Each structure stands twice: as structure tokens, then as C-alpha cells.
>>> print(open('my_file.cif').read())   # mmCIF, C-alpha atoms and all ligand atoms
data_protein
#
loop_
_atom_site.label_atom_id
_atom_site.label_comp_id
_atom_site.auth_asym_id
_atom_site.auth_seq_id
_atom_site.Cartn_x
_atom_site.Cartn_y
_atom_site.Cartn_z
CA MET A 1 -5.13 -35.57 22.12
CA THR A 2 -2.87 -33.45 19.92
CA ARG A 3 -0.43 -31.01 21.41
CA GLY A 4 -0.03 -27.49 20.10
CA PRO A 5 3.22 -25.93 18.99
CA ALA A 6 6.11 -25.78 21.43
CA ARG A 7 6.17 -22.95 23.94
CA GLU A 8 8.83 -20.96 22.10
CA ASP A 9 6.45 -20.60 19.12
CA ALA A 10 3.59 -19.28 21.24
CA GLU A 11 2.83 -15.60 21.65
CA LEU A 12 2.50 -14.92 25.35
CA ASP A 13 0.14 -12.30 26.69
CA PRO A 14 2.65 -9.74 28.06
CA SER A 15 0.25 -8.62 30.80
CA LEU A 16 0.62 -12.06 32.39
CA GLU A 17 4.38 -11.56 32.87
CA LEU A 18 5.11 -15.17 31.94
CA ASP A 19 8.46 -14.26 30.42
CA SER A 20 9.75 -13.07 33.77
CA SER A 21 8.68 -16.06 35.84
CA PRO A 22 10.97 -16.85 38.78
CA PHE A 23 10.03 -20.53 38.45
CA ARG A 24 11.49 -23.29 36.26
CA PRO A 25 9.37 -23.84 33.12
CA ASP A 26 9.10 -27.59 33.83
CA LEU A 27 8.09 -27.14 37.49
CA LEU A 28 4.72 -28.81 36.90
CA GLU A 29 5.74 -31.21 34.13
CA GLY A 30 3.45 -34.26 34.16
CA ARG A 31 0.84 -32.62 36.40
CA VAL A 32 -2.82 -32.16 35.55
CA ALA A 33 -4.63 -29.15 36.99
CA LEU A 34 -8.34 -28.36 37.19
CA VAL A 35 -9.21 -24.66 37.46
CA THR A 36 -12.82 -23.62 37.99
CA GLY A 37 -13.69 -20.33 36.34
CA GLY A 38 -10.42 -20.87 34.51
CA GLY A 39 -11.26 -18.98 31.32
CA THR A 40 -11.46 -15.38 32.44
CA GLY A 41 -9.87 -12.86 34.80
CA ILE A 42 -7.81 -14.29 37.65
CA GLY A 43 -8.74 -17.85 36.62
CA ARG A 44 -7.31 -17.36 33.14
CA GLY A 45 -4.11 -15.97 34.64
CA ILE A 46 -3.78 -18.96 36.95
CA SER A 47 -4.48 -21.43 34.16
CA LEU A 48 -1.89 -19.92 31.85
CA TRP A 49 0.73 -19.73 34.59
CA LEU A 50 0.20 -23.40 35.43
CA ALA A 51 0.35 -24.34 31.73
CA ALA A 52 3.46 -22.24 31.12
CA HIS A 53 5.16 -24.26 33.85
CA GLY A 54 4.33 -27.63 32.37
CA ALA A 55 0.82 -28.53 33.59
CA ASP A 56 -2.02 -29.82 31.44
CA LEU A 57 -5.30 -28.10 32.21
CA VAL A 58 -8.96 -28.85 32.72
CA LEU A 59 -11.00 -25.65 32.52
CA ALA A 60 -14.50 -25.74 33.96
CA SER A 61 -17.12 -23.04 34.29
CA ARG A 62 -20.73 -22.36 33.44
CA ASN A 63 -20.03 -20.83 30.04
CA ARG A 64 -18.10 -22.80 27.41
CA ASP A 65 -17.58 -19.59 25.41
CA HIS A 66 -15.53 -18.20 28.31
CA LEU A 67 -13.30 -21.26 28.31
CA GLU A 68 -12.46 -21.93 24.67
CA PRO A 69 -10.19 -18.88 24.10
CA ALA A 70 -8.14 -19.70 27.22
CA ALA A 71 -7.94 -23.34 26.13
CA GLN A 72 -6.52 -22.20 22.78
CA GLU A 73 -3.89 -20.13 24.58
CA ILE A 74 -2.95 -23.17 26.68
CA ARG A 75 -2.66 -25.39 23.60
CA ALA A 76 -0.46 -22.74 21.99
CA LEU A 77 1.89 -23.23 24.94
CA GLY A 78 2.13 -26.90 23.98
CA ARG A 79 -0.04 -28.20 26.81
CA ARG A 80 -3.29 -30.16 26.75
CA ALA A 81 -6.49 -28.31 27.63
CA LEU A 82 -9.91 -29.85 28.26
CA VAL A 83 -12.96 -27.59 28.39
CA ARG A 84 -15.89 -28.72 30.53
CA PRO A 85 -19.05 -26.65 31.07
CA MET A 86 -20.08 -27.08 34.71
CA ASP A 87 -22.02 -25.18 37.33
CA VAL A 88 -20.18 -25.77 40.61
CA ARG A 89 -23.56 -25.67 42.39
CA ASP A 90 -24.55 -28.97 40.78
CA PRO A 91 -22.82 -31.75 42.75
CA ASP A 92 -23.75 -34.49 40.27
CA ARG A 93 -22.37 -32.55 37.32
CA VAL A 94 -19.22 -31.67 39.28
CA ALA A 95 -18.68 -35.33 40.17
CA THR A 96 -19.08 -36.40 36.55
CA VAL A 97 -16.77 -33.72 35.18
CA VAL A 98 -14.03 -34.35 37.72
CA ARG A 99 -14.18 -38.14 37.33
CA GLU A 100 -14.21 -38.05 33.53
CA ALA A 101 -11.52 -35.37 33.29
CA ALA A 102 -9.19 -37.28 35.60
CA HIS A 103 -9.77 -40.41 33.53
CA GLU A 104 -9.18 -38.65 30.20
CA MET A 105 -6.09 -36.78 31.43
CA GLU A 106 -4.82 -39.90 33.26
CA GLY A 107 -4.62 -38.21 36.64
CA LEU A 108 -5.38 -35.13 38.66
CA HIS A 109 -2.74 -33.36 40.78
CA ILE A 110 -3.85 -29.76 41.26
CA VAL A 111 -7.28 -28.24 41.87
CA VAL A 112 -7.85 -24.49 41.97
CA ASN A 113 -11.25 -23.40 43.25
CA ASN A 114 -11.46 -20.00 41.62
CA ALA A 115 -15.08 -19.85 40.43
CA ALA A 116 -17.02 -17.22 42.35
CA GLY A 117 -19.99 -14.93 42.06
CA ASN A 118 -20.90 -11.74 43.82
CA PHE A 119 -22.44 -8.32 43.46
CA LEU A 120 -22.41 -5.25 45.64
CA THR A 121 -25.57 -4.98 47.69
CA ARG A 122 -26.81 -3.62 50.99
CA ALA A 123 -27.40 -6.58 53.30
CA GLU A 124 -30.92 -5.40 54.13
CA GLU A 125 -31.78 -5.37 50.43
CA LEU A 126 -30.27 -8.78 49.63
CA SER A 127 -32.97 -11.31 48.77
CA PRO A 128 -32.80 -14.85 50.16
CA ASN A 129 -32.25 -16.05 46.62
CA GLY A 130 -29.38 -13.61 46.07
CA TRP A 131 -27.76 -14.78 49.30
CA ARG A 132 -28.24 -18.41 48.32
CA ALA A 133 -26.84 -17.91 44.80
CA VAL A 134 -23.55 -16.49 46.08
CA VAL A 135 -23.12 -18.88 49.01
CA GLU A 136 -23.92 -21.85 46.78
CA ILE A 137 -21.38 -20.83 44.16
CA VAL A 138 -18.59 -19.87 46.52
CA LEU A 139 -18.89 -22.19 49.51
CA ASP A 140 -21.00 -25.12 48.34
CA GLY A 141 -19.26 -25.10 44.96
CA THR A 142 -15.81 -25.26 46.53
CA PHE A 143 -16.92 -28.16 48.71
CA HIS A 144 -18.45 -30.08 45.78
CA VAL A 145 -15.27 -29.73 43.73
CA CYS A 146 -13.00 -30.68 46.64
CA ARG A 147 -15.10 -33.69 47.53
CA SER A 148 -15.17 -34.94 43.95
CA ALA A 149 -11.45 -34.34 43.51
CA PHE A 150 -10.41 -36.24 46.63
CA GLU A 151 -10.22 -39.70 45.08
CA PRO A 152 -8.45 -38.70 41.86
CA LEU A 153 -5.96 -36.58 43.84
CA ARG A 154 -5.28 -39.41 46.25
CA ASP A 155 -5.05 -41.97 43.48
CA SER A 156 -2.65 -39.75 41.53
CA GLY A 157 -0.20 -39.98 44.41
CA GLY A 158 -1.30 -36.88 46.30
CA GLY A 159 -1.78 -33.35 45.17
CA ALA A 160 -2.57 -29.77 45.98
CA VAL A 161 -5.82 -27.85 46.32
CA VAL A 162 -5.70 -24.05 46.24
CA ASN A 163 -8.88 -22.18 47.14
CA ILE A 164 -9.23 -18.53 46.19
CA THR A 165 -10.59 -16.47 49.08
CA THR A 166 -10.40 -12.73 49.66
CA THR A 167 -8.77 -10.25 52.02
CA TYR A 168 -12.06 -9.47 53.74
CA VAL A 169 -12.58 -12.99 55.14
CA HIS A 170 -11.40 -11.80 58.55
CA THR A 171 -12.76 -8.27 58.54
CA GLY A 172 -16.00 -8.51 56.60
CA ALA A 173 -16.77 -5.81 54.05
CA ALA A 174 -19.68 -3.47 53.50
CA PHE A 175 -22.00 -4.54 50.67
CA MET A 176 -20.34 -7.96 50.48
CA ALA A 177 -22.08 -9.83 53.32
CA HIS A 178 -22.92 -12.83 51.14
CA SER A 179 -19.47 -13.12 49.57
CA GLY A 180 -17.58 -12.41 52.81
CA ALA A 181 -19.49 -15.04 54.76
CA ALA A 182 -19.07 -17.60 51.99
CA LYS A 183 -15.35 -16.92 51.54
CA ALA A 184 -14.81 -17.13 55.32
CA GLY A 185 -16.44 -20.55 55.09
CA VAL A 186 -14.05 -21.48 52.30
CA LEU A 187 -11.08 -20.56 54.49
CA ASN A 188 -12.37 -22.73 57.32
CA LEU A 189 -13.07 -25.56 54.88
CA THR A 190 -9.52 -25.18 53.55
CA ARG A 191 -8.10 -25.73 57.02
CA SER A 192 -10.41 -28.64 57.85
CA LEU A 193 -9.50 -30.41 54.62
CA ALA A 194 -5.81 -29.72 55.21
CA ALA A 195 -6.19 -31.41 58.60
CA GLU A 196 -8.00 -34.42 57.14
CA TRP A 197 -6.24 -34.99 53.84
CA GLY A 198 -2.60 -34.49 54.74
CA ARG A 199 -2.27 -38.19 55.48
CA HIS A 200 -3.31 -38.87 51.88
CA GLY A 201 -0.58 -36.56 50.57
CA ILE A 202 -3.07 -33.84 49.66
CA ARG A 203 -2.18 -30.29 50.67
CA VAL A 204 -4.97 -27.71 50.89
CA ASN A 205 -4.20 -24.00 50.96
CA ALA A 206 -5.87 -20.70 50.18
CA VAL A 207 -4.81 -17.53 48.40
CA ALA A 208 -6.47 -14.22 49.28
CA PRO A 209 -6.16 -11.57 46.60
CA GLY A 210 -6.92 -7.95 47.30
CA LEU A 211 -8.54 -5.96 44.55
CA VAL A 212 -7.19 -7.33 41.26
CA ALA A 213 -6.71 -4.87 38.42
CA GLY A 214 -8.54 -5.45 35.17
CA THR A 215 -11.10 -7.91 36.52
CA GLU A 216 -14.86 -7.60 36.38
CA GLY A 217 -14.95 -7.40 40.18
CA ALA A 218 -12.53 -4.46 40.24
CA ARG A 219 -14.39 -2.65 37.50
CA ARG A 220 -17.69 -2.97 39.35
CA LEU A 221 -16.25 -1.96 42.70
CA VAL A 222 -14.41 1.06 41.34
CA GLU A 223 -17.49 2.16 39.38
CA SER A 224 -19.70 1.89 42.44
CA VAL A 225 -17.50 3.06 45.25
CA GLY A 226 -14.66 5.25 44.06
CA ARG A 227 -11.76 6.03 41.77
CA LEU A 228 -8.93 3.59 41.08
CA ALA A 229 -6.28 6.03 42.36
CA GLU A 230 -7.88 6.03 45.79
CA PHE A 231 -7.64 2.25 46.03
CA GLU A 232 -4.05 2.23 44.82
CA ALA A 233 -3.06 4.88 47.37
CA GLY A 234 -4.22 2.48 50.09
CA VAL A 235 -1.77 -0.22 48.99
CA PRO A 236 1.71 0.04 50.56
CA LEU A 237 3.30 -1.48 47.45
CA GLY A 238 1.59 1.23 45.43
CA ARG A 239 -0.54 -0.73 42.98
CA LEU A 240 -3.41 -3.16 42.81
CA ALA A 241 -2.69 -6.85 42.38
CA ALA A 242 -2.51 -8.17 38.82
CA PRO A 243 -3.74 -11.65 37.81
CA ALA A 244 -0.04 -12.59 37.50
CA ASP A 245 0.52 -11.79 41.19
CA VAL A 246 -2.25 -14.17 42.21
CA ALA A 247 -1.10 -16.81 39.72
CA ARG A 248 2.47 -16.77 41.07
CA ALA A 249 1.13 -17.42 44.59
CA VAL A 250 -1.08 -20.27 43.37
CA LEU A 251 1.79 -21.80 41.43
CA PHE A 252 4.03 -21.60 44.50
CA LEU A 253 1.49 -23.38 46.71
CA ALA A 254 0.51 -25.94 44.07
CA SER A 255 4.08 -26.87 43.14
CA PRO A 256 6.86 -28.71 44.98
CA ALA A 257 7.98 -25.24 46.15
CA GLY A 258 5.14 -25.49 48.67
CA ALA A 259 5.85 -29.11 49.58
CA HIS A 260 5.40 -28.75 53.36
CA ILE A 261 2.73 -26.04 53.34
CA SER A 262 -0.86 -27.01 54.10
CA GLY A 263 -3.70 -25.07 55.71
CA ALA A 264 -2.04 -21.75 54.85
CA HIS A 265 -3.81 -18.55 53.82
CA LEU A 266 -1.51 -16.50 51.60
CA VAL A 267 -2.55 -12.87 51.21
CA VAL A 268 -1.66 -11.20 47.91
CA ASP A 269 -2.66 -7.58 48.29
CA GLY A 270 0.52 -5.49 48.26
CA GLY A 271 0.17 -5.07 52.03
CA GLU A 272 -3.18 -3.30 51.77
CA SER A 273 -4.81 -5.26 54.59
CA VAL A 274 -1.98 -4.56 57.05
CA GLY A 275 -0.92 -1.15 55.76
CA GLY A 276 -4.26 0.44 56.33
CA LYS A 277 -5.78 3.04 54.09
CA PHE A 278 -3.08 5.34 52.68
CA GLY A 279 -0.48 3.66 54.94
CA GLY A 280 3.08 4.34 53.82
CA HIS A 281 2.20 6.91 51.17
CA GLU A 282 2.93 10.33 52.57
CA ASP A 283 1.76 12.05 49.43
CA ALA A 284 -1.58 10.20 49.31
N1 LIG N 301 -28.01 -6.91 42.92
C1 LIG N 301 -28.93 -7.50 43.72
N2 LIG N 301 -29.37 -8.78 43.56
C2 LIG N 301 -28.83 -9.48 42.55
C3 LIG N 301 -27.84 -8.96 41.68
C4 LIG N 301 -27.44 -7.61 41.90
N3 LIG N 301 -26.51 -7.03 41.13
N4 LIG N 301 -27.49 -9.93 40.80
C5 LIG N 301 -28.22 -11.02 41.11
N5 LIG N 301 -29.03 -10.75 42.17
C6 LIG N 301 -29.98 -11.63 42.77
C7 LIG N 301 -31.12 -11.88 41.80
O1 LIG N 301 -32.06 -10.81 41.83
C8 LIG N 301 -31.70 -13.19 42.31
O2 LIG N 301 -32.49 -12.98 43.43
P1 LIG N 301 -34.13 -12.91 43.31
O3 LIG N 301 -34.55 -14.21 42.69
O4 LIG N 301 -34.58 -12.74 44.71
O5 LIG N 301 -34.41 -11.73 42.44
C9 LIG N 301 -30.46 -13.92 42.80
O6 LIG N 301 -29.43 -12.92 43.01
C10 LIG N 301 -29.96 -14.91 41.82
O7 LIG N 301 -29.74 -14.24 40.61
P2 LIG N 301 -29.56 -15.03 39.25
O8 LIG N 301 -29.12 -14.06 38.21
O9 LIG N 301 -30.77 -15.84 39.00
O10 LIG N 301 -28.41 -16.02 39.67
P3 LIG N 301 -27.33 -16.65 38.80
O11 LIG N 301 -27.06 -17.95 39.43
O12 LIG N 301 -27.61 -16.66 37.36
O13 LIG N 301 -26.09 -15.63 39.00
C11 LIG N 301 -24.78 -14.30 40.50
C12 LIG N 301 -25.20 -15.69 40.07
C13 LIG N 301 -25.92 -13.78 41.35
C14 LIG N 301 -23.55 -14.41 41.36
C15 LIG N 301 -24.51 -13.33 39.37
O14 LIG N 301 -24.19 -12.07 39.89
C16 LIG N 301 -23.39 -13.73 38.43
O15 LIG N 301 -23.49 -14.72 37.73
N6 LIG N 301 -22.32 -12.94 38.35
C17 LIG N 301 -21.24 -13.13 37.39
C18 LIG N 301 -20.07 -13.81 37.94
C19 LIG N 301 -19.41 -13.04 39.03
O16 LIG N 301 -20.05 -12.42 39.84
N7 LIG N 301 -18.09 -13.15 39.10
C20 LIG N 301 -17.34 -12.61 40.18
C21 LIG N 301 -16.78 -11.28 39.88
S1 LIG N 301 -15.75 -10.79 41.24
#
>>> encode(input="my_file.cif", output="C-alpha cells", more="lines below")
Ligand code: COA
Amino acid sequence: MTRGPAREDAELDPSLELDSSPFRPDLLEGRVALVTGGGTGIGRGISLWLAAHGADLVLASRNRDHLEPAAQEIRALGRRALVRPMDVRDPDRVATVVREAAHEMEGLHIVVNNAAGNFLTRAEELSPNGWRAVVEIVLDGTFHVCRSAFEPLRDSGGGAVVNITTTYVHTGAAFMAHSGAAKAGVLNLTRSLAAEWGRHGIRVNAVAPGLVAGTEGARRLVESVGRLAEFEAGVPLGRLAAPADVARAVLFLASPAGAHISGAHLVVDGGESVGGKFGGHEDA
């Protein structure tokens, strides 16, 4: 597979803050990372942060059109990028993609379960099929990917899984019963796998973003429930998370920086979940 131009020739998306990374650019040199839903939103941010720090990427999601532009950006950073259409709900397809990607990339060291699906709905109006769709994507999908990745991670000398959860896993959230229950399951799965797979050198952690600016999820929530300023006023650090904030946390946990961390749940929400609504902002 051909490599793109060297990193210094690539134009970096300034919103991803890659030029001000606190990490060494070769932190993940020689590592291969699989990111589900890696072409858009938070997943794209994570993929580009991993690539900008030396990793080669496998991007997998339902829609190839969502993946190709991100793959081009990764190649422009001088890293390899494979694009694999895959619905995480299909265990056979997941197994094939993970096995073939690990073979083609000659290893697998990092897996980021970022693919998700949700919509705002009253629980009493949620159809069984709507419930099933979200739980199958979020919880079942994360399990299928983890299970398929176990052997390649182990055989690559160990590795790191990072599952993307949410801040409402502990509290629940109105209109998100399906997503909250599924993400809570993902957190528990994260800890069970951390307990089982540590002896194989595989660390399993989770990152819980609050509302992330610029994503489809944020747009929908703000449109349905309120104005952006109201959400920001509820964040002690004074702003919503950006994809770069989540990506930095994932990179930390996936890299040697997180070498002795497993089973952790790292919240990236500017303190929103502990600060309470309008906490710390006297003028809010
Ligand atoms: N409100 C209520 N029910 C909804 C809905 C909405 N906005 N969107 C989907 N559903 C229901 C459907 O009506 C269907 O139930 P039914 O058969 O009883 O009518 C069920 O969910 C499955 O919908 P479908 O569109 O067939 O599923 P899908 O597998 O193609 O889509 C979803 C998965 C439901 C998660 C869809 O919302 C999606 O793909 N979203 C885009 C990705 C996304 O959400 N990303 C996360 C952003 S934070």
C-alpha cells in the first residue's frame, strides 16, 4: 500500500487542534488502530489524532461514503488507511472485517468502539424495533467488535480497547432510555473485559464525552431541547467538548501513556456532570 506525503506537507484541519498536541508525534508509531464510525464527527477526530501520532488506521462504518474523505485525510498525514463498510450489528461481517484488516495491516493494536446510533424519543413512544436498533448498534455492536478483535490484539502482543460511552450512563437521561441503557451496558462490558483480558496484555477503557460541539448529536439535541448557550452555561469549564478533547483522551488511554490503566471510565465534559447546571458561572 502506498503512503501519502509526509505529515509536514499535509494541511491539517485547524478545528482538530493537531498542531498543539501535547503528545509526541511518533507516540503510536507502528501501531494499527480500528475505529468504528471513524469517518465523521467524534470518530473522525479520533482517527485523525491517532494517525497524526503515528498510527495506521482501519475505518469501518455502514456508509463507505462517510469513510473515504477521512481516509484521504489520514493518507495525507502519511499514514495507511483502510476503509471497510460494516454494520456492527452483523457479527459475521464484523469478524470478517476485523480478521482481514488485521491480516492486511499486519497487526491490530488499538480498537475504538465509537459507532453509535440514537434519537430523542419519549420512552413510552419508543417502538420495540427502535429500542432494538439502538441497543444492537451500541451494546451488541461493541461486543461483536471486541470479541472479533481479541485474537488479533493478543497476537499483536497486546493492545488497547477504548469504548465511547456517555456522561449519562450513571444518571440516565430523559428521552434517551435506549441509548442510556445500552451505553451503561458498554461501561459494564468494558470493566468485565478489562478484568478478563489484562492477562493477555489487553487494556480496556472507556471515554465518556459530554455534549460534543459540531456533531450531529449536539445539533439534534440543541434543536429539540434548547439553545447552545444554555448548555455551555452548565459546563464549569465554560464550553462544550470538541472532538479534539475526546480524541486526546482516547489517545492517552490507547497509548503507552495509559500503560497501567484498565477498566477506567474517563469523563470528558468540562466538569458538567459534577458541576451541576450553571455551577461555577455566577453570571449564568
Ligand atoms: N424517532 C422515533 N423512532 C425512530 C427514529 C426517531 N427519530 N429513528 C428511527 N426510529 C425507529 C424506527 O421507526 C424503527 O422502528 P419501527 O420499525 O418500529 O418504526 C427503528 O427505530 C429502526 O429504524 P431504522 O431507520 O430502520 O433503523 P436503522 O438501523 O436504519 O437506523 C438508528 C438506526 C435508529 C439509530 C438511526 O437513528 C440512525 O441510523 N441514526 C444515525 C446515526 C446516529 O444516530 N448517530 C449518533 C448521533 S449521536
>>> atom_distance(input="my_file.cif", atom1="CA of Val161 (chain A)", atom2="CA of Leu108 (chain A)")
10.6 Å
>>> residues_around(input="my_file.cif", residues="region 81-84 of chain A", least_positions_apart="5", cutoff="8 Å", atoms="only C-alpha atoms", output="PyMOL selection string")
chain A and resi 56-61+64+67-68+71-72+74-75+97+101
>>> write_last_selection(input="my_file.cif", atoms="C-alpha atoms", output="JSON list (two decimals), keeping the file's coordinate frame")
[["chain", "number", "residue", "atom", "x", "y", "z"],
["A", 56, "ASP", "CA", -2.02, -29.82, 31.44],
["A", 57, "LEU", "CA", -5.30, -28.10, 32.21],
["A", 58, "VAL", "CA", -8.96, -28.85, 32.72],
["A", 59, "LEU", "CA", -11.00, -25.65, 32.52],
["A", 60, "ALA", "CA", -14.50, -25.74, 33.96],
["A", 61, "SER", "CA", -17.12, -23.04, 34.29],
["A", 64, "ARG", "CA", -18.10, -22.80, 27.41],
["A", 67, "LEU", "CA", -13.30, -21.26, 28.31],
["A", 68, "GLU", "CA", -12.46, -21.93, 24.67],
["A", 71, "ALA", "CA", -7.94, -23.34, 26.13],
["A", 72, "GLN", "CA", -6.52, -22.20, 22.78],
["A", 74, "ILE", "CA", -2.95, -23.17, 26.68],
["A", 75, "ARG", "CA", -2.66, -25.39, 23.60],
["A", 97, "VAL", "CA", -16.77, -33.72, 35.18],
["A", 101, "ALA", "CA", -11.52, -35.37, 33.29]]
>>> closest_residue(input="my_file.cif", among="A:Pro22, A:Gly270, A:Gly117, A:Gly185", to="Asn163 (chain A)", atoms="all atoms listed in the file")
A:Gly185
>>> closest_atom_pairs(input="my_file.cif", of="chain A", to="ligand LIG 301 (chain N)", cutoff="8 Å", atoms="all atoms listed in the file", output="Markdown table")
| residue | atom | partner | partner_atom | distance |
| --- | --- | --- | --- | --- |
| A:Ala115 | CA | N:LIG301 | N7 | 7.5 |
| A:Ala116 | CA | N:LIG301 | C20 | 5.1 |
| A:Gly117 | CA | N:LIG301 | O16 | 3.4 |
| A:Asn118 | CA | N:LIG301 | O16 | 4.1 |
| A:Phe119 | CA | N:LIG301 | N3 | 4.9 |
| A:Leu120 | CA | N:LIG301 | N3 | 6.3 |
| A:Thr121 | CA | N:LIG301 | N1 | 5.7 |
| A:Glu125 | CA | N:LIG301 | C1 | 7.6 |
| A:Leu126 | CA | N:LIG301 | N2 | 6.1 |
| A:Ser127 | CA | N:LIG301 | O4 | 4.6 |
| A:Pro128 | CA | N:LIG301 | O4 | 6.1 |
| A:Asn129 | CA | N:LIG301 | O2 | 4.4 |
| A:Gly130 | CA | N:LIG301 | O6 | 3.1 |
| A:Trp131 | CA | N:LIG301 | O6 | 6.8 |
| A:Arg132 | CA | N:LIG301 | C9 | 7.5 |
| A:Ala133 | CA | N:LIG301 | C10 | 5.3 |
| A:Val134 | CA | N:LIG301 | C14 | 5.2 |
| A:Ile137 | CA | N:LIG301 | C14 | 7.3 |
| A:Thr215 | CA | N:LIG301 | S1 | 7.2 |
| A:Glu216 | CA | N:LIG301 | C21 | 5.4 |
| A:Gly217 | CA | N:LIG301 | S1 | 3.6 |
| A:Ala218 | CA | N:LIG301 | S1 | 7.2 |
>>> residues_around(input="my_file.cif", residues="region 188-194 of chain A", least_positions_apart="2", cutoff="12 Å", atoms="all atoms listed in the file", output="PDB file with C-alpha atoms, in the frame of the given file")
ATOM      1  CA  VAL A 112      -7.850 -24.490  41.970  1.00  0.00           C
ATOM      2  CA  ASN A 113     -11.250 -23.400  43.250  1.00  0.00           C
ATOM      3  CA  VAL A 138     -18.590 -19.870  46.520  1.00  0.00           C
ATOM      4  CA  LEU A 139     -18.890 -22.190  49.510  1.00  0.00           C
ATOM      5  CA  ASP A 140     -21.000 -25.120  48.340  1.00  0.00           C
ATOM      6  CA  GLY A 141     -19.260 -25.100  44.960  1.00  0.00           C
ATOM      7  CA  THR A 142     -15.810 -25.260  46.530  1.00  0.00           C
ATOM      8  CA  PHE A 143     -16.920 -28.160  48.710  1.00  0.00           C
ATOM      9  CA  HIS A 144     -18.450 -30.080  45.780  1.00  0.00           C
ATOM     10  CA  CYS A 146     -13.000 -30.680  46.640  1.00  0.00           C
ATOM     11  CA  ARG A 147     -15.100 -33.690  47.530  1.00  0.00           C
ATOM     12  CA  ALA A 149     -11.450 -34.340  43.510  1.00  0.00           C
ATOM     13  CA  PHE A 150     -10.410 -36.240  46.630  1.00  0.00           C
ATOM     14  CA  GLY A 159      -1.780 -33.350  45.170  1.00  0.00           C
ATOM     15  CA  ALA A 160      -2.570 -29.770  45.980  1.00  0.00           C
ATOM     16  CA  VAL A 161      -5.820 -27.850  46.320  1.00  0.00           C
ATOM     17  CA  VAL A 162      -5.700 -24.050  46.240  1.00  0.00           C
ATOM     18  CA  ASN A 163      -8.880 -22.180  47.140  1.00  0.00           C
ATOM     19  CA  ILE A 164      -9.230 -18.530  46.190  1.00  0.00           C
ATOM     20  CA  THR A 165     -10.590 -16.470  49.080  1.00  0.00           C
ATOM     21  CA  VAL A 169     -12.580 -12.990  55.140  1.00  0.00           C
ATOM     22  CA  HIS A 170     -11.400 -11.800  58.550  1.00  0.00           C
ATOM     23  CA  ALA A 181     -19.490 -15.040  54.760  1.00  0.00           C
ATOM     24  CA  ALA A 182     -19.070 -17.600  51.990  1.00  0.00           C
ATOM     25  CA  LYS A 183     -15.350 -16.920  51.540  1.00  0.00           C
ATOM     26  CA  ALA A 184     -14.810 -17.130  55.320  1.00  0.00           C
ATOM     27  CA  GLY A 185     -16.440 -20.550  55.090  1.00  0.00           C
ATOM     28  CA  VAL A 186     -14.050 -21.480  52.300  1.00  0.00           C
ATOM     29  CA  GLU A 196      -8.000 -34.420  57.140  1.00  0.00           C
ATOM     30  CA  TRP A 197      -6.240 -34.990  53.840  1.00  0.00           C
ATOM     31  CA  GLY A 198      -2.600 -34.490  54.740  1.00  0.00           C
ATOM     32  CA  ARG A 199      -2.270 -38.190  55.480  1.00  0.00           C
ATOM     33  CA  HIS A 200      -3.310 -38.870  51.880  1.00  0.00           C
ATOM     34  CA  GLY A 201      -0.580 -36.560  50.570  1.00  0.00           C
ATOM     35  CA  ILE A 202      -3.070 -33.840  49.660  1.00  0.00           C
ATOM     36  CA  ARG A 203      -2.180 -30.290  50.670  1.00  0.00           C
ATOM     37  CA  VAL A 204      -4.970 -27.710  50.890  1.00  0.00           C
ATOM     38  CA  ASN A 205      -4.200 -24.000  50.960  1.00  0.00           C
ATOM     39  CA  ALA A 206      -5.870 -20.700  50.180  1.00  0.00           C
ATOM     40  CA  VAL A 207      -4.810 -17.530  48.400  1.00  0.00           C
ATOM     41  CA  HIS A 260       5.400 -28.750  53.360  1.00  0.00           C
ATOM     42  CA  ILE A 261       2.730 -26.040  53.340  1.00  0.00           C
ATOM     43  CA  SER A 262      -0.860 -27.010  54.100  1.00  0.00           C
ATOM     44  CA  GLY A 263      -3.700 -25.070  55.710  1.00  0.00           C
ATOM     45  CA  ALA A 264      -2.040 -21.750  54.850  1.00  0.00           C
ATOM     46  CA  HIS A 265      -3.810 -18.550  53.820  1.00  0.00           C
ATOM     47  CA  LEU A 266      -1.510 -16.500  51.600  1.00  0.00           C
TER      48      LEU A 266
END
>>> decode(input="my_file.cif", residues="region 142-170 of chain A", atoms="C-alpha atoms", output="PDB file, in the first residue's frame")
ATOM      1  CA  THR A 142     -19.366  -3.065  20.785  1.00  0.00           C
ATOM      2  CA  PHE A 143     -19.361  -6.677  21.953  1.00  0.00           C
ATOM      3  CA  HIS A 144     -19.081  -8.062  18.401  1.00  0.00           C
ATOM      4  CA  VAL A 145     -16.120  -5.811  17.623  1.00  0.00           C
ATOM      5  CA  CYS A 146     -14.366  -6.562  20.922  1.00  0.00           C
ATOM      6  CA  ARG A 147     -14.870 -10.288  20.544  1.00  0.00           C
ATOM      7  CA  SER A 148     -13.538 -10.299  16.988  1.00  0.00           C
ATOM      8  CA  ALA A 149     -10.590  -8.100  17.925  1.00  0.00           C
ATOM      9  CA  PHE A 150      -9.462 -10.244  20.858  1.00  0.00           C
ATOM     10  CA  GLU A 151      -7.273 -12.660  18.905  1.00  0.00           C
ATOM     11  CA  PRO A 152      -5.569 -10.075  16.674  1.00  0.00           C
ATOM     12  CA  LEU A 153      -4.930  -7.831  19.699  1.00  0.00           C
ATOM     13  CA  ARG A 154      -3.490 -10.701  21.697  1.00  0.00           C
ATOM     14  CA  ASP A 155      -1.441 -11.955  18.775  1.00  0.00           C
ATOM     15  CA  SER A 156      -0.078  -8.458  18.138  1.00  0.00           C
ATOM     16  CA  GLY A 157       1.480  -8.507  21.594  1.00  0.00           C
ATOM     17  CA  GLY A 158      -1.371  -6.892  23.493  1.00  0.00           C
ATOM     18  CA  GLY A 159      -3.260  -3.721  22.874  1.00  0.00           C
ATOM     19  CA  ALA A 160      -5.859  -1.234  23.959  1.00  0.00           C
ATOM     20  CA  VAL A 161      -9.618  -1.046  23.506  1.00  0.00           C
ATOM     21  CA  VAL A 162     -11.355   2.277  24.107  1.00  0.00           C
ATOM     22  CA  ASN A 163     -15.149   2.283  24.184  1.00  0.00           C
ATOM     23  CA  ILE A 164     -17.023   5.555  23.793  1.00  0.00           C
ATOM     24  CA  THR A 165     -19.807   5.864  26.364  1.00  0.00           C
ATOM     25  CA  THR A 166     -21.597   8.974  27.588  1.00  0.00           C
ATOM     26  CA  THR A 167     -21.943  11.057  30.741  1.00  0.00           C
ATOM     27  CA  TYR A 168     -25.479   9.833  31.359  1.00  0.00           C
ATOM     28  CA  VAL A 169     -24.503   6.175  31.897  1.00  0.00           C
ATOM     29  CA  HIS A 170     -24.827   6.645  35.657  1.00  0.00           C
TER      30      HIS A 170
END
